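Chemist: If you scroll down you'll find the structure; I have some questions about it.
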Amino acid sequence: MKKYLAVFVAPIEAYDAMKTTMKNRTAEDRQKEMDAWMRWMKIHEGNIVDHGGGVGAAKRVSEGGEITDVRNEIGGYMIIQAGSADEAAAIFTDSPHFGVEGGAIEVMEIIDM
């Protein structure tokens, strides 16, 4: 089986809105969201190599050593295994990430160097 990197993306505005609504969610609502992720991961546990996680603030390093703060659409990542790129992508068709407005998941093969 090949390994694939799945990158969870959404518009920056959607992440900003989510941060605001997260502050107002009840513990029960947060638990329901976590339960949905746990159910999804249990279904696909045979394919998940690394559960990954969310990502924080980004820094861009440019040629010459310039470092700047940047914002992008990446919210998290996961590493999975599957027989083909199509099989890998199909794993995410029922992902809880689609609860984020405009959310998408980009799946790409990890190529051994």
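For the structure tokens, the naming scheme is as follows: chains receive sequential letters (A, B, ...) according to their order of presentation, residues are indexed from 1 within each chain, and ligands are indexed from 1 in presentation order.
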Report as an mmCIF file with C-alpha atoms, in the first residue's frame all protein, DNA and RNA residues lying within 10 Å of Ala104 in chain A, evaluated on only C-alpha atoms, omitting residues in the same chain fewer than 3 positions from it.
Modeler:
data_model
loop_
_atom_site.group_PDB
_atom_site.id
_atom_site.type_symbol
_atom_site.label_atom_id
_atom_site.label_comp_id
_atom_site.auth_asym_id
_atom_site.auth_seq_id
_atom_site.Cartn_x
_atom_site.Cartn_y
_atom_site.Cartn_z
ATOM 1 C CA VAL A 7 -4.526 18.137 3.993
ATOM 2 C CA PHE A 8 -7.704 19.618 5.453
ATOM 3 C CA VAL A 9 -8.412 23.015 3.902
ATOM 4 C CA ALA A 10 -11.091 25.696 4.097
ATOM 5 C CA PRO A 11 -11.330 29.406 3.371
ATOM 6 C CA GLU A 73 -6.188 27.577 4.065
ATOM 7 C CA ILE A 74 -4.550 24.598 5.775
ATOM 8 C CA PHE A 92 -12.588 11.085 2.978
ATOM 9 C CA THR A 93 -15.978 11.330 1.262
ATOM 10 C CA SER A 95 -15.272 13.135 6.665
ATOM 11 C CA HIS A 97 -14.294 18.080 8.082
ATOM 12 C CA PHE A 98 -17.133 18.930 5.724
ATOM 13 C CA GLY A 99 -18.825 20.567 8.705
ATOM 14 C CA VAL A 100 -16.474 23.501 8.060
ATOM 15 C CA GLU A 101 -18.047 25.863 5.519
ATOM 16 C CA VAL A 107 -5.046 13.972 -0.873
#
Chemist: Once DSSP has gone over the backbone, tell me which residues of chain A are in alpha helix (DSSP H), as an MDAnalysis selection string.
Modeler: chainID A and resid 12:24 27:43 85:90
Chemist: List the spatial neighbours of Lys42 in chain A as a PyMOL selection string - criterion: any atom at most 12 Å away, only C-alpha atoms, same-chain residues fewer than 6 positions off excluded.
Modeler: chain A and resi 35-36+48+51+95
Chemist: With N, CA and C atoms retained, export the selected residues as a short mmCIF file (atom, residue, chain, number, x, y, z; two decimals), in the first residue's frame.
Modeler:
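Below is the file that was written, result_3.cif:
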data_model
loop_
_atom_site.label_atom_id
_atom_site.label_comp_id
_atom_site.auth_asym_id
_atom_site.auth_seq_id
_atom_site.Cartn_x
_atom_site.Cartn_y
_atom_site.Cartn_z
N ASP A 35 -16.94 13.26 18.98
CA ASP A 35 -17.48 11.91 18.78
C ASP A 35 -17.61 11.57 17.30
N ALA A 36 -18.02 12.55 16.50
CA ALA A 36 -18.14 12.32 15.05
C ALA A 36 -16.78 11.98 14.46
N ILE A 48 -5.53 4.52 8.48
CA ILE A 48 -4.86 5.67 9.11
C ILE A 48 -3.50 5.25 9.64
N HIS A 51 -2.69 9.93 12.78
CA HIS A 51 -3.90 10.74 12.94
C HIS A 51 -3.65 12.21 12.62
N SER A 95 -16.05 12.53 5.58
CA SER A 95 -15.27 13.13 6.66
C SER A 95 -16.05 14.21 7.42
#
Chemist: Would you list the contacts of Glu109 in chain A as a CSV table (one decimal) with N, CA and C atoms, in the first residue's frame, taking every protein, DNA or RNA residue within 8 Å and counting only C-alpha atoms, but skipping same-chain residues closer than 6 positions in sequence?
Modeler:
chain,number,residue,atom,x,y,z
A,2,LYS,N,0.4,2.3,-0.6
A,2,LYS,CA,1.1,3.5,-0.7
A,2,LYS,C,0.6,4.4,0.4
A,3,LYS,N,1.4,5.4,0.8
A,3,LYS,CA,1.0,6.4,1.8
A,3,LYS,C,0.6,7.7,1.2
A,4,TYR,N,-0.4,8.3,1.8
A,4,TYR,CA,-0.9,9.6,1.3
A,4,TYR,C,-1.1,10.6,2.4
A,5,LEU,N,-0.8,11.8,2.0
A,5,LEU,CA,-0.9,13.0,2.9
A,5,LEU,C,-2.3,13.6,2.6
A,85,ALA,N,-4.5,6.3,-5.4
A,85,ALA,CA,-4.9,7.7,-5.1
A,85,ALA,C,-6.5,7.8,-5.0
